[in-house]
Amino acid sequence: MWRNALRFAAGLLAGVLLWWYGAPLYDGIVGAAAEPVLHVDARFRDLDTAERGRWIVIRSAGGTFRYGTLPADQMTYNVILFVALLATVRRPRRGRVAIAIAVLFASHVITFAVGTESLYATGRDPSSTEANVWMGANLFLRVVGMLGVAFGCWWWVAVAGGDPVQRPRARPVRRKK
Amino acid sequence: MKPLRFLLRFVILLAVLYLPLTLQSVDTAVIVPFSRAIAVVSAAILNVLGQHVTVTGVILAAGSHAVSIQNGCNGIEAVVFLVAAILAFPATWRQRVIGLVAAIALIQILNLVRVVTLFLINRYKPDLFELFHLAIWQTVIGGSAIALFYVWTTRVHVAKRA
């Protein structure tokens, strides 16, 4: 247990460094990947994103909607938890880790797209059903979704992947003589 | 239990359990008073540490320094996670109740430590506040919730075999 705690702490440190220094670049990639998803909504057909430090700028090439910004690093910080949890896995299978990373990335793209929809729906009419639905989805993803996705990805690699150290197992039961 | 079936049940429960929290009435009647209680207890701890803190709703203040306990800082996300994970995992209701009571109590104690330390960091090292608020404490709370769930699953397994 203490060894796992130490591995988690080392992973936490590595995750913090990765996120702190890598977030601007990574956030830009997430924003770019979210563009085609947002283009599905006709109102965002000419949407374009650009990274500005730890924020992502959302703009319209044709001026069809106002300029907006999203704190993208607040949508990706569960990378730290995933790295810390992954550090506790002794023999992770590469294929499973790759799938987990892909799921984590997809969840960031979805969170960014939902965050954008929520930002503009709230700006149009904060009391509308549309704004409430997008806001609810945005809060779900940013409050419990971040934790849930990191946990699910770790579970997929460690427990479902059959890591001998992570798999829940029984302690030997002593029999009375 | 098949791991993928567990994950599916977990995701569905997470969404179902989170839905009531999005309602304004639940926020007013449950979440805000709960956050206020955290603010009162945290202020009491900080005052023992000589910080001279006052509480206004969910805001802790001392001089020009203040922190506000919002959703995401009250430990509710870890509680929802624990409830969803423990309910999704095969166990008896007695085991689930014991696991939930113990895990939620520990998470809330840890959350008090988070609020107190974040207040102190905001007061004495404000340049480090965002790093601790977003990166370190969120990960520690999330990691602790997952660790508590994991330890509980091993106990449930022991109980099944015994």
# chains A, B, ... in the order shown; residues from 1 in each chain; ligands from 1
call {"tool": "interface_residues", "arguments": {"of": "chain B", "to": "chain A", "cutoff": "10 Å", "atoms": "only C-alpha atoms", "output": "ChimeraX atom specification"}}
result
/B:2-4,6-8,10-11,14-15,18-19,21-23,71-73,76-81,84-85,131-132,134-136,138-147,150-162
call {"tool": "select_by_dssp", "arguments": {"residues": "region 3-79 of chain A", "states": "strand (DSSP E or B)", "output": "list in words"}}
result
Leu47, Asp48, Thr49, Ala50, Glu51, Arg52, Trp55, Ile56, Val57, Ile58, Arg59, Ser60, Gly68, Thr69 and Leu70 of chain A
call {"tool": "write_last_selection", "arguments": {"atoms": "N, CA and C atoms", "output": "mmCIF file, in the first residue's frame"}}
result
data_model
loop_
_atom_site.group_PDB
_atom_site.id
_atom_site.type_symbol
_atom_site.label_atom_id
_atom_site.label_comp_id
_atom_site.auth_asym_id
_atom_site.auth_seq_id
_atom_site.Cartn_x
_atom_site.Cartn_y
_atom_site.Cartn_z
ATOM 1 N N LEU A 47 -16.127 28.583 -37.289
ATOM 2 C CA LEU A 47 -15.389 28.723 -36.013
ATOM 3 C C LEU A 47 -13.917 28.361 -36.182
ATOM 4 N N ASP A 48 -13.107 29.111 -35.468
ATOM 5 C CA ASP A 48 -11.669 28.883 -35.484
ATOM 6 C C ASP A 48 -11.159 29.054 -34.048
ATOM 7 N N THR A 49 -10.162 28.268 -33.668
ATOM 8 C CA THR A 49 -9.625 28.412 -32.308
ATOM 9 C C THR A 49 -8.125 28.741 -32.361
ATOM 10 N N ALA A 50 -7.664 29.375 -31.297
ATOM 11 C CA ALA A 50 -6.225 29.663 -31.188
ATOM 12 C C ALA A 50 -5.830 29.625 -29.722
ATOM 13 N N GLU A 51 -4.639 29.116 -29.462
ATOM 14 C CA GLU A 51 -4.162 29.011 -28.078
ATOM 15 C C GLU A 51 -3.533 30.333 -27.640
ATOM 16 N N ARG A 52 -3.916 30.775 -26.433
ATOM 17 C CA ARG A 52 -3.326 31.994 -25.846
ATOM 18 C C ARG A 52 -2.917 31.666 -24.416
ATOM 19 N N TRP A 55 -5.324 29.686 -22.096
ATOM 20 C CA TRP A 55 -6.691 29.909 -22.570
ATOM 21 C C TRP A 55 -6.776 29.589 -24.058
ATOM 22 N N ILE A 56 -8.008 29.289 -24.495
ATOM 23 C CA ILE A 56 -8.239 29.086 -25.924
ATOM 24 C C ILE A 56 -9.202 30.176 -26.395
ATOM 25 N N VAL A 57 -8.808 30.846 -27.464
ATOM 26 C CA VAL A 57 -9.649 31.886 -28.053
ATOM 27 C C VAL A 57 -10.544 31.235 -29.100
ATOM 28 N N ILE A 58 -11.836 31.605 -29.064
ATOM 29 C CA ILE A 58 -12.796 31.092 -30.049
ATOM 30 C C ILE A 58 -13.248 32.290 -30.882
ATOM 31 N N ARG A 59 -13.128 32.178 -32.194
ATOM 32 C CA ARG A 59 -13.499 33.329 -33.037
ATOM 33 C C ARG A 59 -14.171 32.850 -34.317
ATOM 34 N N SER A 60 -14.860 33.792 -34.931
ATOM 35 C CA SER A 60 -15.568 33.500 -36.173
ATOM 36 C C SER A 60 -14.854 34.205 -37.316
ATOM 37 N N GLY A 68 -14.771 34.771 -28.091
ATOM 38 C CA GLY A 68 -14.901 34.214 -26.744
ATOM 39 C C GLY A 68 -13.614 33.533 -26.295
ATOM 40 N N THR A 69 -13.503 33.309 -24.984
ATOM 41 C CA THR A 69 -12.329 32.591 -24.476
ATOM 42 C C THR A 69 -12.764 31.516 -23.484
ATOM 43 N N LEU A 70 -12.031 30.422 -23.435
ATOM 44 C CA LEU A 70 -12.296 29.334 -22.478
ATOM 45 C C LEU A 70 -10.996 28.956 -21.765
#
call {"tool": "residues_around", "arguments": {"residues": "Val115 (chain B)", "least_positions_apart": "5", "cutoff": "10 Å", "atoms": "only C-alpha atoms", "output": "VMD selection string"}}
result
chain B and resid 38 to 39 41 to 43 46 60 67 to 69 73 to 74 110 120 to 121 133 137
call {"tool": "write_last_selection", "arguments": {"atoms": "N, CA and C atoms", "output": "PDB file, in the first residue's frame"}}
result
ATOM      1  N   ILE B  38     -19.101  23.615   5.691  1.00  0.00           N
ATOM      2  CA  ILE B  38     -17.649  23.431   5.481  1.00  0.00           C
ATOM      3  C   ILE B  38     -16.922  24.739   5.791  1.00  0.00           C
ATOM      4  N   ALA B  39     -17.521  25.854   5.339  1.00  0.00           N
ATOM      5  CA  ALA B  39     -16.903  27.166   5.586  1.00  0.00           C
ATOM      6  C   ALA B  39     -16.806  27.442   7.090  1.00  0.00           C
ATOM      7  N   VAL B  41     -16.759  25.239   9.669  1.00  0.00           N
ATOM      8  CA  VAL B  41     -15.779  24.341  10.311  1.00  0.00           C
ATOM      9  C   VAL B  41     -14.347  24.763   9.939  1.00  0.00           C
ATOM     10  N   SER B  42     -14.137  25.091   8.634  1.00  0.00           N
ATOM     11  CA  SER B  42     -12.802  25.519   8.192  1.00  0.00           C
ATOM     12  C   SER B  42     -12.390  26.796   8.916  1.00  0.00           C
ATOM     13  N   ALA B  43     -13.338  27.726   9.075  1.00  0.00           N
ATOM     14  CA  ALA B  43     -13.035  28.994   9.769  1.00  0.00           C
ATOM     15  C   ALA B  43     -12.648  28.717  11.221  1.00  0.00           C
ATOM     16  N   LEU B  46      -9.148  27.458  11.178  1.00  0.00           N
ATOM     17  CA  LEU B  46      -8.219  28.553  10.867  1.00  0.00           C
ATOM     18  C   LEU B  46      -8.082  29.515  12.050  1.00  0.00           C
ATOM     19  N   LEU B  60     -14.839  32.620   3.079  1.00  0.00           N
ATOM     20  CA  LEU B  60     -13.958  32.769   4.244  1.00  0.00           C
ATOM     21  C   LEU B  60     -13.089  33.988   3.982  1.00  0.00           C
ATOM     22  N   VAL B  67     -11.440  33.290   0.328  1.00  0.00           N
ATOM     23  CA  VAL B  67     -11.681  32.170  -0.590  1.00  0.00           C
ATOM     24  C   VAL B  67     -13.162  31.813  -0.518  1.00  0.00           C
ATOM     25  N   SER B  68     -13.693  31.377  -1.654  1.00  0.00           N
ATOM     26  CA  SER B  68     -15.107  31.014  -1.729  1.00  0.00           C
ATOM     27  C   SER B  68     -15.220  29.514  -2.003  1.00  0.00           C
ATOM     28  N   ILE B  69     -16.069  28.840  -1.235  1.00  0.00           N
ATOM     29  CA  ILE B  69     -16.218  27.388  -1.429  1.00  0.00           C
ATOM     30  C   ILE B  69     -17.334  27.137  -2.444  1.00  0.00           C
ATOM     31  N   CYS B  73     -15.294  22.359  -4.900  1.00  0.00           N
ATOM     32  CA  CYS B  73     -14.381  22.575  -3.759  1.00  0.00           C
ATOM     33  C   CYS B  73     -15.010  22.073  -2.461  1.00  0.00           C
ATOM     34  N   ASN B  74     -16.204  21.497  -2.561  1.00  0.00           N
ATOM     35  CA  ASN B  74     -16.885  21.047  -1.338  1.00  0.00           C
ATOM     36  C   ASN B  74     -16.841  19.522  -1.177  1.00  0.00           C
ATOM     37  N   LEU B 110     -10.510  15.159   4.647  1.00  0.00           N
ATOM     38  CA  LEU B 110      -9.444  15.582   3.735  1.00  0.00           C
ATOM     39  C   LEU B 110      -9.810  16.904   3.054  1.00  0.00           C
ATOM     40  N   LEU B 120      -4.659  29.310   3.452  1.00  0.00           N
ATOM     41  CA  LEU B 120      -3.325  29.735   3.908  1.00  0.00           C
ATOM     42  C   LEU B 120      -2.414  30.044   2.711  1.00  0.00           C
ATOM     43  N   ILE B 121      -2.506  29.218   1.666  1.00  0.00           N
ATOM     44  CA  ILE B 121      -1.687  29.469   0.463  1.00  0.00           C
ATOM     45  C   ILE B 121      -2.112  30.792  -0.183  1.00  0.00           C
ATOM     46  N   HIS B 133      -4.801  24.752  -6.128  1.00  0.00           N
ATOM     47  CA  HIS B 133      -6.250  24.678  -6.220  1.00  0.00           C
ATOM     48  C   HIS B 133      -6.691  23.719  -7.317  1.00  0.00           C
ATOM     49  N   TRP B 137      -4.510  19.723  -5.311  1.00  0.00           N
ATOM     50  CA  TRP B 137      -5.575  19.259  -4.417  1.00  0.00           C
ATOM     51  C   TRP B 137      -6.672  18.483  -5.144  1.00  0.00           C
TER      52      TRP B 137
END
call {"tool": "residues_around", "arguments": {"residues": "Gly62 (chain A)", "least_positions_apart": "4", "cutoff": "12 Å", "atoms": "only C-alpha atoms", "output": "ChimeraX atom specification"}}
result
/A:43-48,66-67
call {"tool": "write_last_selection", "arguments": {"atoms": "C-alpha atoms", "output": "PDB file, in the first residue's frame"}}
result
ATOM      1  CA  ARG A  43     -23.920  28.500 -36.038  1.00  0.00           C
ATOM      2  CA  PHE A  44     -20.246  27.610 -35.639  1.00  0.00           C
ATOM      3  CA  ARG A  45     -19.572  26.673 -39.293  1.00  0.00           C
ATOM      4  CA  ASP A  46     -16.717  29.198 -39.568  1.00  0.00           C
ATOM      5  CA  LEU A  47     -15.389  28.723 -36.013  1.00  0.00           C
ATOM      6  CA  ASP A  48     -11.669  28.883 -35.484  1.00  0.00           C
ATOM      7  CA  ARG A  66     -18.670  37.273 -30.884  1.00  0.00           C
ATOM      8  CA  TYR A  67     -15.120  36.506 -29.819  1.00  0.00           C
TER       9      TYR A  67
END
call {"tool": "residues_around", "arguments": {"residues": "Arg7 (chain A)", "least_positions_apart": "4", "cutoff": "7 Å", "atoms": "only C-alpha atoms", "output": "number ranges by chain"}}
result
A: 3, 11, 87-88
call {"tool": "select_by_dssp", "arguments": {"residues": "region 64-153 of chain B", "states": "alpha helix (DSSP H)", "output": "VMD selection string"}}
result
chain B and resid 76 to 88 93 to 124 129 to 130 137 to 153
call {"tool": "closest_residue", "arguments": {"among": "A:Ala100, A:Ala14, A:Ala33, A:Leu38", "to": "Tyr120 (chain A)", "atoms": "only C-alpha atoms"}}
result
A:Leu38
call {"tool": "decode", "arguments": {"residues": "region 48-95 of chain B", "atoms": "N, CA and C atoms", "output": "mmCIF file, in the first residue's frame"}}
result
data_model
loop_
_atom_site.group_PDB
_atom_site.id
_atom_site.type_symbol
_atom_site.label_atom_id
_atom_site.label_comp_id
_atom_site.auth_asym_id
_atom_site.auth_seq_id
_atom_site.Cartn_x
_atom_site.Cartn_y
_atom_site.Cartn_z
ATOM 1 N N VAL B 48 -8.332 28.666 15.171
ATOM 2 C CA VAL B 48 -7.459 27.991 16.146
ATOM 3 C C VAL B 48 -5.996 28.233 15.760
ATOM 4 N N LEU B 49 -5.758 28.329 14.447
ATOM 5 C CA LEU B 49 -4.393 28.573 13.953
ATOM 6 C C LEU B 49 -4.038 30.071 13.980
ATOM 7 N N GLY B 50 -4.946 30.886 14.552
ATOM 8 C CA GLY B 50 -4.664 32.307 14.730
ATOM 9 C C GLY B 50 -4.859 33.159 13.495
ATOM 10 N N GLN B 51 -5.799 32.770 12.618
ATOM 11 C CA GLN B 51 -5.983 33.498 11.350
ATOM 12 C C GLN B 51 -7.054 34.607 11.398
ATOM 13 N N HIS B 52 -7.877 34.640 12.451
ATOM 14 C CA HIS B 52 -8.935 35.665 12.598
ATOM 15 C C HIS B 52 -9.829 35.726 11.345
ATOM 16 N N VAL B 53 -10.441 34.603 11.049
ATOM 17 C CA VAL B 53 -11.261 34.471 9.834
ATOM 18 C C VAL B 53 -12.731 34.724 10.152
ATOM 19 N N THR B 54 -13.419 35.390 9.231
ATOM 20 C CA THR B 54 -14.877 35.559 9.365
ATOM 21 C C THR B 54 -15.541 34.810 8.212
ATOM 22 N N VAL B 55 -16.768 34.374 8.445
ATOM 23 C CA VAL B 55 -17.501 33.612 7.424
ATOM 24 C C VAL B 55 -18.737 34.402 7.000
ATOM 25 N N THR B 56 -18.902 34.542 5.670
ATOM 26 C CA THR B 56 -20.117 35.142 5.118
ATOM 27 C C THR B 56 -20.625 34.186 4.052
ATOM 28 N N GLY B 57 -21.657 33.437 4.377
ATOM 29 C CA GLY B 57 -22.153 32.423 3.438
ATOM 30 C C GLY B 57 -21.095 31.364 3.198
ATOM 31 N N VAL B 58 -20.625 31.272 1.942
ATOM 32 C CA VAL B 58 -19.601 30.267 1.617
ATOM 33 C C VAL B 58 -18.219 30.910 1.478
ATOM 34 N N ILE B 59 -18.115 32.166 1.927
ATOM 35 C CA ILE B 59 -16.843 32.892 1.773
ATOM 36 C C ILE B 59 -16.115 33.009 3.110
ATOM 37 N N LEU B 60 -14.839 32.620 3.079
ATOM 38 C CA LEU B 60 -13.958 32.769 4.244
ATOM 39 C C LEU B 60 -13.089 33.988 3.982
ATOM 40 N N ALA B 61 -13.043 34.899 4.937
ATOM 41 C CA ALA B 61 -12.263 36.112 4.705
ATOM 42 C C ALA B 61 -11.455 36.484 5.937
ATOM 43 N N ALA B 62 -10.279 37.045 5.675
ATOM 44 C CA ALA B 62 -9.429 37.614 6.735
ATOM 45 C C ALA B 62 -8.715 38.796 6.097
ATOM 46 N N GLY B 63 -9.121 40.002 6.491
ATOM 47 C CA GLY B 63 -8.555 41.205 5.878
ATOM 48 C C GLY B 63 -8.920 41.255 4.401
ATOM 49 N N SER B 64 -7.910 41.435 3.569
ATOM 50 C CA SER B 64 -8.183 41.540 2.121
ATOM 51 C C SER B 64 -8.117 40.176 1.428
ATOM 52 N N HIS B 65 -7.897 39.107 2.199
ATOM 53 C CA HIS B 65 -7.779 37.762 1.615
ATOM 54 C C HIS B 65 -9.084 36.988 1.819
ATOM 55 N N ALA B 66 -9.558 36.334 0.753
ATOM 56 C CA ALA B 66 -10.800 35.563 0.867
ATOM 57 C C ALA B 66 -10.780 34.382 -0.083
ATOM 58 N N VAL B 67 -11.440 33.290 0.328
ATOM 59 C CA VAL B 67 -11.681 32.170 -0.590
ATOM 60 C C VAL B 67 -13.162 31.813 -0.518
ATOM 61 N N SER B 68 -13.693 31.377 -1.654
ATOM 62 C CA SER B 68 -15.107 31.014 -1.729
ATOM 63 C C SER B 68 -15.220 29.514 -2.003
ATOM 64 N N ILE B 69 -16.069 28.840 -1.235
ATOM 65 C CA ILE B 69 -16.218 27.388 -1.429
ATOM 66 C C ILE B 69 -17.334 27.137 -2.444
ATOM 67 N N GLN B 70 -16.936 26.854 -3.669
ATOM 68 C CA GLN B 70 -17.879 26.623 -4.767
ATOM 69 C C GLN B 70 -18.022 25.126 -5.026
ATOM 70 N N ASN B 71 -18.954 24.786 -5.937
ATOM 71 C CA ASN B 71 -19.061 23.388 -6.358
ATOM 72 C C ASN B 71 -17.726 22.964 -6.967
ATOM 73 N N GLY B 72 -17.271 21.786 -6.577
ATOM 74 C CA GLY B 72 -15.954 21.331 -7.031
ATOM 75 C C GLY B 72 -14.936 21.510 -5.918
ATOM 76 N N CYS B 73 -15.294 22.359 -4.900
ATOM 77 C CA CYS B 73 -14.381 22.575 -3.759
ATOM 78 C C CYS B 73 -15.010 22.073 -2.461
ATOM 79 N N ASN B 74 -16.204 21.497 -2.561
ATOM 80 C CA ASN B 74 -16.885 21.047 -1.338
ATOM 81 C C ASN B 74 -16.841 19.522 -1.177
ATOM 82 N N GLY B 75 -16.112 18.851 -2.045
ATOM 83 C CA GLY B 75 -15.963 17.399 -1.945
ATOM 84 C C GLY B 75 -17.157 16.615 -2.475
ATOM 85 N N ILE B 76 -18.172 17.345 -2.978
ATOM 86 C CA ILE B 76 -19.379 16.656 -3.468
ATOM 87 C C ILE B 76 -19.054 15.768 -4.667
ATOM 88 N N GLU B 77 -18.113 16.234 -5.526
ATOM 89 C CA GLU B 77 -17.771 15.448 -6.717
ATOM 90 C C GLU B 77 -17.164 14.095 -6.307
ATOM 91 N N ALA B 78 -16.362 14.106 -5.231
ATOM 92 C CA ALA B 78 -15.770 12.844 -4.759
ATOM 93 C C ALA B 78 -16.841 11.957 -4.122
ATOM 94 N N VAL B 79 -17.804 12.593 -3.449
ATOM 95 C CA VAL B 79 -18.892 11.824 -2.825
ATOM 96 C C VAL B 79 -19.746 11.162 -3.911
ATOM 97 N N VAL B 80 -20.087 11.926 -4.953
ATOM 98 C CA VAL B 80 -20.890 11.359 -6.060
ATOM 99 C C VAL B 80 -20.127 10.206 -6.713
ATOM 100 N N PHE B 81 -18.819 10.418 -6.900
ATOM 101 C CA PHE B 81 -17.989 9.362 -7.481
ATOM 102 C C PHE B 81 -18.027 8.101 -6.620
ATOM 103 N N LEU B 82 -17.851 8.270 -5.308
ATOM 104 C CA LEU B 82 -17.820 7.115 -4.396
ATOM 105 C C LEU B 82 -19.156 6.372 -4.394
ATOM 106 N N VAL B 83 -20.259 7.141 -4.358
ATOM 107 C CA VAL B 83 -21.579 6.502 -4.343
ATOM 108 C C VAL B 83 -21.770 5.692 -5.633
ATOM 109 N N ALA B 84 -21.419 6.304 -6.786
ATOM 110 C CA ALA B 84 -21.595 5.612 -8.075
ATOM 111 C C ALA B 84 -20.723 4.359 -8.141
ATOM 112 N N ALA B 85 -19.465 4.471 -7.728
ATOM 113 C CA ALA B 85 -18.536 3.342 -7.828
ATOM 114 C C ALA B 85 -18.939 2.213 -6.874
ATOM 115 N N ILE B 86 -19.294 2.572 -5.642
ATOM 116 C CA ILE B 86 -19.637 1.541 -4.647
ATOM 117 C C ILE B 86 -20.957 0.859 -5.009
ATOM 118 N N LEU B 87 -21.913 1.636 -5.530
ATOM 119 C CA LEU B 87 -23.180 1.008 -5.938
ATOM 120 C C LEU B 87 -23.004 0.124 -7.172
ATOM 121 N N ALA B 88 -22.065 0.496 -8.047
ATOM 122 C CA ALA B 88 -21.859 -0.283 -9.281
ATOM 123 C C ALA B 88 -21.124 -1.595 -9.016
ATOM 124 N N PHE B 89 -20.420 -1.665 -7.898
ATOM 125 C CA PHE B 89 -19.602 -2.844 -7.589
ATOM 126 C C PHE B 89 -20.449 -3.881 -6.837
ATOM 127 N N PRO B 90 -20.314 -5.161 -7.182
ATOM 128 C CA PRO B 90 -21.143 -6.162 -6.493
ATOM 129 C C PRO B 90 -20.747 -6.333 -5.024
ATOM 130 N N ALA B 91 -21.716 -6.113 -4.140
ATOM 131 C CA ALA B 91 -21.484 -6.248 -2.688
ATOM 132 C C ALA B 91 -22.844 -6.292 -2.009
ATOM 133 N N THR B 92 -22.857 -6.628 -0.737
ATOM 134 C CA THR B 92 -24.124 -6.604 0.001
ATOM 135 C C THR B 92 -24.425 -5.146 0.374
ATOM 136 N N TRP B 93 -25.687 -4.873 0.701
ATOM 137 C CA TRP B 93 -26.059 -3.495 1.061
ATOM 138 C C TRP B 93 -25.358 -3.060 2.335
ATOM 139 N N ARG B 94 -25.153 -4.000 3.265
ATOM 140 C CA ARG B 94 -24.463 -3.672 4.514
ATOM 141 C C ARG B 94 -23.027 -3.208 4.213
ATOM 142 N N GLN B 95 -22.345 -3.967 3.337
ATOM 143 C CA GLN B 95 -20.968 -3.601 2.968
ATOM 144 C C GLN B 95 -20.939 -2.234 2.286
#
